[in-house]
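What follows is the content of my_file00.txt (compact mmCIF, C-alpha atoms and all ligand atoms).
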# COMPACT_ATOMS: atom_id res chain seq x y z
CA MET A 447 6.09 -9.29 -23.30
CA VAL A 448 9.62 -8.91 -22.01
CA PRO A 449 11.41 -11.64 -20.11
CA TYR A 450 11.32 -11.59 -16.36
CA ARG A 451 13.59 -8.72 -15.41
CA HIS A 452 15.04 -9.70 -12.13
CA SER A 453 18.76 -10.10 -12.57
CA LEU A 454 21.06 -10.50 -9.63
CA ILE A 455 23.05 -7.49 -10.76
CA PHE A 456 19.91 -5.41 -10.77
CA LEU A 457 18.98 -6.55 -7.28
CA ALA A 458 22.46 -6.20 -5.89
CA THR A 459 22.69 -2.65 -7.17
CA LEU A 460 19.23 -1.23 -6.83
CA GLY A 461 18.44 -3.24 -3.74
CA LEU A 462 20.77 -0.88 -1.95
CA LEU A 463 18.17 1.82 -2.39
CA ALA A 464 16.11 -0.46 -0.17
CA GLY A 465 13.58 0.46 2.39
CA CYS A 466 10.02 -0.20 1.47
CA ASP A 467 8.69 2.21 3.94
CA ASN A 468 10.13 5.10 5.77
CA SER A 469 9.38 3.69 9.12
CA ALA A 470 9.13 5.06 12.59
CA THR A 471 12.01 6.36 14.62
CA PRO A 472 13.69 3.59 16.56
CA ASP A 473 11.72 2.90 19.71
CA LYS A 474 10.00 -0.10 21.17
CA GLN A 475 7.53 -0.17 18.30
CA THR A 476 10.13 -0.82 15.63
CA ASP A 477 10.85 -4.27 14.34
CA ALA A 478 14.39 -4.45 15.58
CA PRO A 479 16.67 -3.20 18.29
CA THR A 480 18.72 -1.17 15.79
CA PRO A 481 20.40 -3.87 13.72
CA THR A 482 23.84 -3.44 12.26
CA VAL A 483 23.28 -3.20 8.53
CA THR A 484 25.95 -4.63 6.32
CA GLU A 485 26.18 -3.89 2.65
CA SER A 486 25.48 -7.47 1.56
CA GLU A 487 22.22 -7.78 3.42
CA SER A 488 21.00 -4.24 3.16
CA ASN A 489 18.57 -4.89 0.33
CA THR A 490 16.34 -6.89 2.60
CA ARG A 491 17.55 -5.58 5.91
CA ALA A 492 16.27 -2.08 5.32
CA HIS A 493 12.85 -3.34 4.20
CA ASP A 494 11.01 -1.10 6.59
CA GLN A 495 13.64 0.35 8.82
CA SER A 496 13.95 4.08 9.23
CA SER A 497 16.07 6.11 6.88
CA ALA A 498 18.11 7.06 9.93
CA GLU A 499 19.14 3.41 10.16
CA ALA A 500 20.01 3.11 6.50
CA SER A 501 23.67 2.51 5.80
CA SER A 502 25.78 5.17 4.15
CA ALA A 503 25.98 2.92 1.08
CA GLU A 504 22.21 3.05 0.78
CA LYS A 505 22.10 6.80 1.13
CA GLU A 506 24.83 7.22 -1.45
CA SER A 507 23.03 4.92 -3.84
CA ALA A 508 19.72 6.70 -3.32
CA GLU A 509 21.36 10.05 -3.92
CA GLN A 510 22.91 8.82 -7.13
CA ALA A 511 19.56 7.55 -8.34
CA ALA A 512 17.94 10.84 -7.44
CA ALA A 513 20.60 12.67 -9.43
CA GLY A 514 19.85 10.56 -12.48
CA GLN A 515 23.05 8.54 -12.41
CA PRO A 516 23.06 5.52 -14.68
CA THR A 517 22.33 2.20 -13.00
CA ALA A 518 23.55 -1.30 -13.77
CA ASP A 519 20.44 -2.41 -15.63
CA PRO A 520 18.42 0.51 -16.95
CA GLY A 521 15.86 -1.82 -18.53
CA THR A 522 13.32 0.84 -19.36
CA ASP A 523 13.96 0.52 -23.11
CA ALA A 524 12.62 -3.02 -22.91
CA LEU A 525 9.34 -2.20 -21.20
CA PRO A 526 6.32 -3.43 -23.19
CA PHE A 527 4.50 -0.15 -22.66
CA SER A 528 5.19 3.57 -23.01
CA VAL A 529 5.75 5.52 -19.82
CA SER A 530 4.73 9.19 -19.69
CA GLU A 531 5.87 11.33 -16.80
CA VAL A 532 2.70 13.38 -16.35
CA THR A 533 3.35 15.58 -13.35
CA GLN A 534 4.79 15.47 -9.87
CA PHE A 535 3.35 15.56 -6.35
CA ASP A 536 4.83 16.04 -2.90
CA SER A 537 5.15 12.57 -1.30
CA PRO A 538 1.96 11.23 -2.89
CA TRP A 539 0.36 8.16 -1.27
CA ALA A 540 -2.82 7.31 -3.16
CA MET A 541 -5.05 8.38 -6.03
CA THR A 542 -8.48 7.77 -7.45
CA PHE A 543 -10.28 9.02 -10.56
CA LEU A 544 -13.43 11.13 -10.42
CA PRO A 545 -16.20 10.30 -12.93
CA ASP A 546 -15.23 13.45 -14.89
CA GLY A 547 -11.69 12.08 -15.43
CA ARG A 548 -9.98 14.34 -12.93
CA LEU A 549 -7.69 12.75 -10.39
CA LEU A 550 -7.73 13.01 -6.60
CA VAL A 551 -4.25 12.52 -5.13
CA THR A 552 -3.32 12.41 -1.45
CA GLU A 553 -0.03 13.93 -0.31
CA MET A 554 1.26 12.57 2.98
CA ALA A 555 1.70 15.94 4.66
CA GLY A 556 -2.09 16.35 4.56
CA THR A 557 -3.00 17.88 1.21
CA LEU A 558 -5.71 16.45 -1.03
CA ARG A 559 -5.03 17.51 -4.62
CA LEU A 560 -7.50 17.69 -7.48
CA HIS A 561 -5.54 17.29 -10.69
CA ASP A 562 -7.02 18.18 -14.07
CA LEU A 563 -5.15 16.01 -16.55
CA ALA A 564 -6.57 17.82 -19.57
CA GLY A 565 -5.81 21.30 -18.24
CA GLU A 566 -2.57 20.19 -16.62
CA ARG A 567 -3.30 22.02 -13.39
CA SER A 568 -3.85 21.07 -9.77
CA GLY A 569 -6.20 22.55 -7.20
CA THR A 570 -6.65 21.60 -3.57
CA ILE A 571 -9.58 20.26 -1.57
CA GLY A 572 -10.13 22.05 1.75
CA GLY A 573 -11.40 20.57 4.99
CA VAL A 574 -9.03 17.60 5.25
CA PRO A 575 -8.63 16.51 8.90
CA GLU A 576 -5.35 17.25 10.67
CA VAL A 577 -2.94 14.38 10.12
CA VAL A 578 0.15 13.10 11.91
CA HIS A 579 2.81 13.37 9.23
CA ALA A 580 5.78 11.38 10.55
CA GLY A 581 7.47 8.16 9.48
CA GLN A 582 4.92 6.17 7.48
CA GLY A 583 2.06 8.29 8.84
CA GLY A 584 0.17 11.03 7.08
CA LEU A 585 -2.75 11.40 4.74
CA GLY A 586 -3.34 7.95 3.26
CA ASP A 587 -5.93 6.51 0.93
CA VAL A 588 -8.75 8.23 -0.97
CA LEU A 589 -11.75 6.36 -2.34
CA LEU A 590 -15.13 7.24 -3.86
CA HIS A 591 -18.38 5.75 -2.61
CA PRO A 592 -19.80 3.35 -5.24
CA GLN A 593 -22.75 5.79 -5.63
CA PHE A 594 -20.51 8.87 -5.63
CA GLU A 595 -22.36 10.47 -8.52
CA THR A 596 -25.54 10.68 -6.46
CA ASN A 597 -24.16 11.16 -2.91
CA GLN A 598 -20.71 12.78 -3.53
CA HIS A 599 -19.29 10.75 -0.65
CA ILE A 600 -15.55 10.21 -0.49
CA TYR A 601 -13.48 8.35 2.10
CA LEU A 602 -10.07 9.33 3.40
CA SER A 603 -7.70 7.43 5.67
CA TYR A 604 -4.98 9.12 7.68
CA ALA A 605 -2.85 8.90 10.81
CA GLU A 606 -4.25 10.91 13.71
CA ALA A 607 -2.89 11.75 17.15
CA GLY A 608 -4.62 10.79 20.40
CA ASP A 609 -4.24 9.11 23.76
CA GLY A 610 -1.30 6.71 23.59
CA GLY A 611 0.23 8.04 20.37
CA ALA A 612 -1.07 7.69 16.84
CA GLY A 613 -3.48 5.52 14.93
CA ALA A 614 -5.19 5.32 11.58
CA ALA A 615 -8.63 6.83 11.13
CA VAL A 616 -11.12 6.75 8.27
CA ALA A 617 -13.40 9.70 7.53
CA ARG A 618 -16.35 10.02 5.18
CA ALA A 619 -17.24 13.42 3.74
CA ARG A 620 -19.14 15.03 0.90
CA LEU A 621 -16.90 16.38 -1.85
CA VAL A 622 -18.06 19.79 -3.04
CA LEU A 623 -16.23 21.03 -6.13
CA ASP A 624 -16.08 24.65 -7.30
CA ASP A 625 -15.65 26.12 -10.79
CA GLU A 626 -12.02 27.08 -10.21
CA GLY A 627 -10.63 23.53 -10.12
CA SER A 628 -10.66 23.23 -6.34
CA GLY A 629 -13.18 22.21 -3.71
CA LYS A 630 -13.87 21.32 -0.09
CA LEU A 631 -15.06 18.53 2.17
CA GLU A 632 -18.39 19.00 3.97
CA ASP A 633 -20.26 16.94 6.60
CA LEU A 634 -17.09 15.10 7.55
CA ASP A 635 -17.57 12.14 9.92
CA VAL A 636 -14.80 9.98 11.36
CA ILE A 637 -16.35 6.53 10.93
CA TRP A 638 -13.54 4.23 12.10
CA ARG A 639 -10.36 4.31 14.20
CA GLN A 640 -7.51 1.95 14.97
CA THR A 641 -7.49 0.87 18.58
CA PRO A 642 -5.40 1.16 20.62
CA LYS A 643 -3.30 4.14 19.53
CA LEU A 644 0.42 3.43 19.95
CA SER A 645 3.72 5.29 19.90
CA GLY A 646 5.84 5.17 16.75
CA ASN A 647 4.80 6.01 13.21
CA GLY A 648 4.98 2.75 11.28
CA HIS A 649 2.54 0.19 9.85
CA PHE A 650 -0.75 2.06 9.77
CA GLY A 651 -1.89 0.24 6.63
CA HIS A 652 -5.19 2.06 6.05
CA ARG A 653 -5.84 1.00 2.49
CA LEU A 654 -9.53 1.25 1.55
CA ALA A 655 -11.71 -0.69 -0.89
CA PHE A 656 -15.40 -1.14 -1.65
CA ASP A 657 -16.82 -4.44 -2.80
CA SER A 658 -19.71 -4.93 -5.22
CA ASP A 659 -22.16 -5.16 -2.26
CA GLY A 660 -21.14 -1.67 -1.10
CA MET A 661 -19.19 -2.88 1.94
CA LEU A 662 -16.16 -0.82 3.00
CA TRP A 663 -12.93 -2.72 3.58
CA ILE A 664 -10.02 -1.29 5.58
CA SER A 665 -6.54 -2.76 5.98
CA SER A 666 -5.45 -2.13 9.55
CA SER A 667 -1.77 -2.91 10.01
CA GLU A 668 -0.14 -3.90 13.30
CA ARG A 669 1.74 -0.66 14.11
CA GLN A 670 5.00 -2.68 14.38
CA ALA A 671 3.69 -4.09 17.65
CA PHE A 672 3.45 -7.77 16.51
CA ASP A 673 1.03 -9.26 19.06
CA PRO A 674 -2.07 -7.16 18.31
CA SER A 675 -2.39 -9.15 15.06
CA GLN A 676 -3.65 -12.10 17.16
CA ASP A 677 -5.52 -10.03 19.79
CA MET A 678 -9.27 -9.76 19.20
CA ASN A 679 -9.52 -6.82 21.62
CA SER A 680 -7.55 -4.77 19.09
CA ASN A 681 -8.35 -4.05 15.44
CA LEU A 682 -4.63 -3.84 14.57
CA GLY A 683 -3.20 -6.47 12.23
CA LYS A 684 -6.66 -7.15 10.80
CA VAL A 685 -8.72 -6.77 7.66
CA VAL A 686 -11.83 -4.83 8.69
CA ARG A 687 -15.24 -4.93 6.96
CA LEU A 688 -17.85 -2.25 7.63
CA ASN A 689 -21.05 -0.82 6.22
CA ASP A 690 -20.52 2.40 4.27
CA ASP A 691 -21.42 4.50 7.34
CA GLY A 692 -18.88 2.70 9.56
CA SER A 693 -21.40 0.48 11.34
CA VAL A 694 -20.71 -3.24 11.70
CA PRO A 695 -22.41 -5.69 9.32
CA GLU A 696 -24.31 -8.43 11.12
CA ASP A 697 -22.70 -11.17 9.05
CA ASN A 698 -19.10 -10.42 10.07
CA PRO A 699 -17.43 -13.54 11.52
CA PHE A 700 -16.60 -12.38 15.06
CA THR A 701 -19.72 -10.41 16.05
CA ASP A 702 -20.08 -12.53 19.22
CA GLN A 703 -16.64 -11.49 20.54
CA GLY A 704 -17.26 -7.82 21.37
CA GLU A 705 -17.40 -4.45 19.68
CA ILE A 706 -13.85 -4.41 18.28
CA ALA A 707 -13.77 -8.04 17.14
CA ALA A 708 -17.09 -7.47 15.39
CA GLN A 709 -15.31 -5.21 12.85
CA VAL A 710 -12.83 -7.94 11.92
CA TRP A 711 -13.03 -10.11 8.80
CA SER A 712 -9.56 -11.73 9.03
CA LEU A 713 -6.60 -11.56 11.40
CA GLY A 714 -2.91 -12.33 11.71
CA HIS A 715 -1.79 -9.66 9.25
CA ARG A 716 1.32 -7.48 9.31
CA ASN A 717 1.44 -4.41 7.01
CA ILE A 718 -1.14 -4.37 4.20
CA LEU A 719 -0.69 -1.57 1.66
CA GLY A 720 -2.82 -3.00 -1.13
CA MET A 721 -6.21 -4.75 -1.49
CA ALA A 722 -8.17 -5.53 -4.65
CA PHE A 723 -11.22 -7.56 -5.67
CA ASP A 724 -11.09 -9.83 -8.69
CA SER A 725 -13.92 -10.18 -11.20
CA SER A 726 -15.46 -13.04 -9.19
CA GLY A 727 -15.53 -10.92 -6.02
CA LYS A 728 -12.58 -12.55 -4.24
CA LEU A 729 -10.52 -10.16 -2.11
CA TRP A 730 -6.75 -10.30 -2.48
CA ALA A 731 -4.35 -8.39 -0.24
CA HIS A 732 -0.60 -8.22 -0.21
CA GLU A 733 1.42 -7.51 2.90
CA MET A 734 4.98 -6.60 3.71
CA GLY A 735 6.81 -9.34 5.51
CA PRO A 736 9.53 -8.60 8.07
CA GLU A 737 13.02 -9.50 6.77
CA GLY A 738 11.84 -11.57 3.81
CA GLY A 739 8.42 -13.08 3.35
CA ASP A 740 6.30 -10.47 1.58
CA GLU A 741 2.93 -12.10 0.89
CA LEU A 742 -0.05 -12.13 -1.40
CA ASN A 743 -3.10 -13.56 0.37
CA LEU A 744 -6.59 -14.55 -0.64
CA ILE A 745 -8.67 -13.02 2.15
CA GLU A 746 -11.28 -15.37 3.58
CA LYS A 747 -13.95 -14.85 6.20
CA GLY A 748 -12.66 -15.49 9.71
CA ALA A 749 -9.26 -16.75 8.55
CA ASN A 750 -6.06 -16.28 10.53
CA TYR A 751 -2.95 -15.49 8.43
CA GLY A 752 -0.60 -16.27 11.30
CA TYR A 753 1.52 -13.17 11.93
CA PRO A 754 3.57 -12.90 14.15
CA LEU A 755 3.47 -16.64 14.92
CA VAL A 756 4.45 -17.62 11.38
CA SER A 757 6.10 -15.82 8.49
CA ASN A 758 8.33 -16.95 5.65
CA GLY A 759 10.53 -14.02 6.69
CA ASN A 760 12.24 -13.50 10.02
CA HIS A 761 12.57 -10.63 12.48
CA TYR A 762 15.07 -7.88 11.73
CA ASP A 763 17.12 -8.70 14.80
CA GLY A 764 17.76 -12.15 13.31
CA THR A 765 15.19 -13.94 15.47
CA SER A 766 13.64 -16.74 13.46
CA ILE A 767 9.89 -16.81 12.86
CA PRO A 768 8.62 -20.31 12.01
CA ASP A 769 7.65 -20.59 8.34
CA HIS A 770 4.05 -21.02 7.24
CA ASP A 771 4.43 -24.73 6.51
CA THR A 772 5.10 -25.46 10.20
CA ARG A 773 1.60 -24.34 11.24
CA PRO A 774 -1.01 -25.55 8.76
CA GLU A 775 -3.83 -24.11 10.91
CA PHE A 776 -2.86 -20.67 9.63
CA LYS A 777 -3.80 -19.66 6.11
CA THR A 778 -0.92 -20.04 3.66
CA PRO A 779 -0.02 -17.15 1.32
CA ALA A 780 -0.70 -17.58 -2.39
CA ILE A 781 2.69 -15.97 -3.09
CA THR A 782 5.66 -15.18 -0.87
CA TRP A 783 8.58 -13.04 -1.93
CA THR A 784 12.12 -13.35 -0.56
CA PRO A 785 13.95 -11.15 -1.41
CA VAL A 786 11.13 -8.76 -0.79
CA ILE A 787 9.43 -6.53 -3.33
CA SER A 788 7.98 -4.16 -0.69
CA PRO A 789 4.45 -4.18 -2.14
CA ALA A 790 2.31 -1.03 -2.17
CA GLY A 791 -0.74 -0.25 -4.27
CA PHE A 792 -2.74 -2.92 -6.08
CA ILE A 793 -5.23 -3.19 -8.91
CA ILE A 794 -6.73 -6.17 -10.68
CA TYR A 795 -6.95 -4.97 -14.25
CA ASP A 796 -10.20 -5.17 -16.22
CA GLY A 797 -9.62 -2.57 -18.96
CA GLU A 798 -9.58 -2.81 -22.75
CA LEU A 799 -6.34 -0.98 -23.46
CA PHE A 800 -4.10 -3.84 -22.27
CA ALA A 801 -6.46 -6.62 -23.37
CA ASP A 802 -3.89 -9.39 -22.74
CA TRP A 803 -3.71 -8.34 -19.10
CA GLN A 804 -7.40 -8.52 -18.21
CA GLY A 805 -7.58 -10.31 -14.87
CA SER A 806 -3.94 -9.67 -14.01
CA GLY A 807 -2.97 -8.04 -10.74
CA PHE A 808 -0.54 -5.13 -10.74
CA ILE A 809 1.40 -4.46 -7.55
CA GLY A 810 3.76 -1.56 -6.97
CA GLY A 811 7.18 -2.42 -5.60
CA MET A 812 9.02 0.09 -3.46
CA SER A 813 12.42 -1.41 -2.57
CA SER A 814 12.22 -3.47 -5.78
CA LEU A 815 11.65 -0.29 -7.87
CA SER A 816 9.21 -2.25 -9.95
CA LEU A 817 5.71 -2.98 -11.12
CA VAL A 818 4.86 -6.63 -10.54
CA ARG A 819 2.26 -8.42 -12.70
CA VAL A 820 0.50 -11.31 -11.03
CA GLU A 821 -1.64 -13.98 -12.70
CA PHE A 822 -4.43 -15.74 -10.83
CA ASP A 823 -5.77 -19.26 -11.18
CA GLY A 824 -8.73 -19.73 -8.85
CA GLU A 825 -7.28 -19.56 -5.34
CA LYS A 826 -3.71 -19.68 -6.63
CA ALA A 827 -1.53 -16.87 -7.92
CA HIS A 828 1.98 -16.42 -9.24
CA GLU A 829 4.26 -13.58 -10.29
CA ALA A 830 4.12 -13.49 -14.11
CA GLU A 831 6.37 -10.53 -14.88
CA ARG A 832 8.30 -7.80 -13.18
CA PHE A 833 8.81 -4.46 -14.86
CA ASP A 834 11.86 -2.45 -13.91
CA MET A 835 10.46 1.04 -13.29
CA GLN A 836 13.59 2.53 -11.66
CA LYS A 837 11.29 4.14 -9.11
CA ARG A 838 9.70 3.22 -5.80
CA ILE A 839 6.12 2.53 -6.88
CA ARG A 840 3.66 3.45 -4.12
CA GLU A 841 0.28 3.40 -5.86
CA VAL A 842 -1.33 1.76 -8.89
CA GLU A 843 -4.62 2.80 -10.48
CA GLN A 844 -6.56 1.94 -13.60
CA GLY A 845 -7.69 4.99 -15.56
CA PRO A 846 -11.08 5.44 -17.25
CA ASP A 847 -9.57 4.60 -20.66
CA GLY A 848 -7.74 1.53 -19.37
CA ALA A 849 -4.32 3.15 -19.04
CA ILE A 850 -2.38 2.09 -15.94
CA TRP A 851 -1.36 4.95 -13.67
CA LEU A 852 1.41 4.85 -11.09
CA LEU A 853 2.48 7.15 -8.31
CA GLU A 854 6.12 7.17 -7.37
CA ASP A 855 6.69 7.20 -3.64
CA GLY A 856 8.16 10.58 -2.77
CA MET A 857 10.37 9.33 0.03
CA ARG A 858 14.03 8.27 0.01
CA GLY A 859 15.09 10.33 -2.95
CA GLY A 860 11.97 9.67 -5.03
CA ASP A 861 10.46 12.55 -6.94
CA GLY A 862 6.78 11.73 -6.48
CA GLN A 863 6.03 11.45 -10.19
CA LEU A 864 2.67 10.53 -11.70
CA LEU A 865 3.27 8.03 -14.51
CA LYS A 866 0.87 6.93 -17.22
CA LEU A 867 1.42 3.56 -18.93
CA THR A 868 -0.05 2.97 -22.37
CA PRO A 869 0.63 0.21 -24.90
CA SER A 870 3.77 0.67 -27.00
CA GLU A 871 3.07 1.72 -30.59
CA CA B 901 -6.30 4.21 -5.55
CA CA B 902 10.51 -17.66 8.87
Could I get this file's structure written as C-alpha cells?
Amino acid sequence: MVPYRHSLIFLATLGLLAGCDNSATPDKQTDAPTPTVTESESNTRAHDQSSAEASSAEKESAEQAAAGQPTADPGTDALPFSVSEVTQFDSPWAMTFLPDGRLLVTEMAGTLRLHDLAGERSGTIGGVPEVVHAGQGGLGDVLLHPQFETNQHIYLSYAEAGDGGAGAAVARARLVLDDEGSGKLEDLDVIWRQTPKLSGNGHFGHRLAFDSDGMLWISSSERQAFDPSQDMNSNLGKVVRLNDDGSVPEDNPFTDQGEIAAQVWSLGHRNILGMAFDSSGKLWAHEMGPEGGDELNLIEKGANYGYPLVSNGNHYDGTSIPDHDTRPEFKTPAITWTPVISPAGFIIYDGELFADWQGSGFIGGMSSLSLVRVEFDGEKAHEAERFDMQKRIREVEQGPDGAIWLLEDGMRGGDGQLLKLTPSE
C-alpha cells in the first residue's frame, strides 16, 4: 500500500478546483450570503457553493485540469491498483450492476443508461420520470430490489418540481429489457417524496440502500435550509426507512409523532451522498459538512446527529457552529474531516479481488479528487488511506468480480469517466 497521499502542496493546488457540489443559485436557500472567496481559503470555502461564486483562480485551475495540464503531485504512478478508463457518461451520478453484468448509470439530465461492458455499447431505458436538472438536482440514485431477478423492480431517486419549488422523489418501477441493449420502465409508482418542497437546487441527498431485511433506506438532505434537520414535521435532514413499497414499518422510532415523523430513522443530518451497510448490518453514512466538518456517522435508531445546532465545521458566512463536543446529547461522528473531502458514493467492500481490503469502506471525494479508504473497528472508524485520483469522484461501486468501479463527477470540468480499479500486476 502507498503512504497516505495528502501533501499540503497537493491540497493547496488541487484544492483550488474545490466545490464538492455544484450547488443552487444564490438565494435564501444557500449556505451563505455570497461570501467573498479569497485564494487561500477557497479550497474549503467553495465546498458546496455555486460555480458562479467560484473565484477566477478556481475556474482557471479547473480549466487547466480539464485540459490535462500537469499538476503539482500527479501521484497516479504510485497507486496500488491499475486504473482503466472504460467509457464516459454525461454528468453521471450513480450506477448499479445488473445480475447479467451490465451496468445501469444515471445521468443527471434525466437519462438512465444501460451499458454493456463486454460489447462496449450503451442503450437507454425509457420511461424515466421528468426531473428538475439544475444545481445539484437531476436524476439521482439507481438501485435494484433485493429480489430483482424475480420481480424486476428497480428504484430511482430524482429531483422533481412541485408546489414550493423542488424536492427529491423516489420511484419504483419494473425494468423491462429488450434484445437491442435498451429497455423501458413499466408500472412506475412514486413511493416517497421530500416534504416540504423548497426553492433552490441544493442538498437533495436521495441516496438509496436496501438492508438484509429488505428495508429501503433513503438519505434525505436538508435542502440548504438548516432548520428542517431538527423539525419532525419535515423529512428533510433525515435518514428515512421504509418498506419496499414505500409504506412505513411499524418499528420505526417516531411512529407516534405523525405521518412524516413515522418515516424517520435518524435526524440532524446535513447532506448525505453515501450510505452503506457493513457485514454485521450496521449502517454507515457520510455527510458533507458546511465549511469544514465532513462526517462519517454510524446511523442508530432514533439518534440525533445535531445539525445545524452542532458541526465541527462552521457556516460559510463565518458564523460559528458549536462543535460536537459541546453538546454530548447529539451523536458524535466516527470521523470528521477538515479540510473537507466532499464525500460522495460509498461502498463497504466484501470482494475477493482486493482481499486485503475486505471490510474497508471506500468513499469518493469530490473537492479532494480522491478515493478514501476507511477502516472500521466496531463503532469506530478512521481514514486508512487516500488515493489521489485526480478526478472528482462521485460514485463508488463494487463489481461482480470484485473490481472497484468509480464514476467521475461530470461537473466543474470533469469528464464523467467510468473507471475500473483492479489489483496491480
Ligand atoms: Ca451505486
Ligand atoms: Ca464548529
Show me, as JSON lines, the residues of chain A having an atom within 10 Å of ligand CA 902 (chain B), each with the closest atom pair and its distance in Å, using all atoms listed in the file.
{"residue": "A:Gly735", "atom": "CA", "partner": "B:CA902", "partner_atom": "CA", "distance": 9.7}
{"residue": "A:Pro736", "atom": "CA", "partner": "B:CA902", "partner_atom": "CA", "distance": 9.1}
{"residue": "A:Glu737", "atom": "CA", "partner": "B:CA902", "partner_atom": "CA", "distance": 8.8}
{"residue": "A:Gly738", "atom": "CA", "partner": "B:CA902", "partner_atom": "CA", "distance": 8.0}
{"residue": "A:Gly739", "atom": "CA", "partner": "B:CA902", "partner_atom": "CA", "distance": 7.5}
{"residue": "A:Pro754", "atom": "CA", "partner": "B:CA902", "partner_atom": "CA", "distance": 9.9}
{"residue": "A:Leu755", "atom": "CA", "partner": "B:CA902", "partner_atom": "CA", "distance": 9.3}
{"residue": "A:Val756", "atom": "CA", "partner": "B:CA902", "partner_atom": "CA", "distance": 6.6}
{"residue": "A:Ser757", "atom": "CA", "partner": "B:CA902", "partner_atom": "CA", "distance": 4.8}
{"residue": "A:Asn758", "atom": "CA", "partner": "B:CA902", "partner_atom": "CA", "distance": 4.0}
{"residue": "A:Gly759", "atom": "CA", "partner": "B:CA902", "partner_atom": "CA", "distance": 4.2}
{"residue": "A:Asn760", "atom": "CA", "partner": "B:CA902", "partner_atom": "CA", "distance": 4.6}
{"residue": "A:His761", "atom": "CA", "partner": "B:CA902", "partner_atom": "CA", "distance": 8.2}
{"residue": "A:Thr765", "atom": "CA", "partner": "B:CA902", "partner_atom": "CA", "distance": 8.9}
{"residue": "A:Ser766", "atom": "CA", "partner": "B:CA902", "partner_atom": "CA", "distance": 5.6}
{"residue": "A:Ile767", "atom": "CA", "partner": "B:CA902", "partner_atom": "CA", "distance": 4.1}
{"residue": "A:Pro768", "atom": "CA", "partner": "B:CA902", "partner_atom": "CA", "distance": 4.5}
{"residue": "A:Asp769", "atom": "CA", "partner": "B:CA902", "partner_atom": "CA", "distance": 4.1}
{"residue": "A:His770", "atom": "CA", "partner": "B:CA902", "partner_atom": "CA", "distance": 7.5}
{"residue": "A:Asp771", "atom": "CA", "partner": "B:CA902", "partner_atom": "CA", "distance": 9.6}
{"residue": "A:Thr772", "atom": "CA", "partner": "B:CA902", "partner_atom": "CA", "distance": 9.6}
| message | Every residue with an atom at most 12 Å from (-20.8, 9.4, -5.4) (file coordinates; all atoms listed in the file) is what I'm after, so could you write them as JSON, numbers by chain? | response | {"A": [543, 544, 545, 546, 589, 590, 591, 592, 593, 594, 595, 596, 597, 598, 599, 600, 601, 618, 619, 620, 621, 622, 660, 690]}
| When you draw a straight line from CA of Gly586 (chain A) to CA of Asn647 (chain A), how long is it in Å? | 13.0 Å
Can you check which parts of chain A lie within 6 Å of ligand CA 901 (chain B)? Per residue, the shortest pair of atoms and distance in Å to one decimal, counting only C-alpha atoms and all ligand atoms, sorted by chain and number, as a tab-separated table.
residue	atom	partner	partner_atom	distance
A:Ala540	CA	B:CA901	CA	5.2
A:Met541	CA	B:CA901	CA	4.4
A:Thr542	CA	B:CA901	CA	4.6
A:Glu843	CA	B:CA901	CA	5.4
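Every protein or nucleic acid residue with an atom no more than 7 Å from Gln804 (chain A), counting all atoms listed in the file and leaving out same-chain residues fewer than 6 positions away, appears here: A:Tyr795, A:Asp796, A:Gly797.
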Can you write out the residues you just picked, keeping C-alpha atoms, as a JSON list (two decimals), in the frame of the given file?
[["chain", "number", "residue", "atom", "x", "y", "z"],
["A", 795, "TYR", "CA", -6.95, -4.97, -14.25],
["A", 796, "ASP", "CA", -10.20, -5.17, -16.22],
["A", 797, "GLY", "CA", -9.62, -2.57, -18.96]]
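The space separating CA of Ala564 (chain A) from CA of Lys630 (chain A) comes to 21.1 Å.
Counting from CA of Gly692 (chain A), the distance to CA of Gly791 (chain A) is 23.0 Å.
Nearest residue to Ile850 (chain A), choosing from A:Met721, A:Met554, A:Val529, A:Val616 and counting all atoms listed in the file: A:Val529.
Nearest-residue note for Pro846 (chain A): choosing from A:Ala555, A:Gly547, A:Ser788, A:Asn750, the minimum distance belongs to A:Gly547, counting all atoms listed in the file.
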| Within 8 Å of Tyr753 (chain A), counting all atoms listed in the file, which residues qualify if same-chain residues fewer than 2 places away don't, as a count of residues only? | 10
| request: Between A:Gln844, A:Pro695, A:Ser528, A:Lys837, single out the one closest to Met857 (chain A), counting all atoms listed in the file. | output: A:Lys837
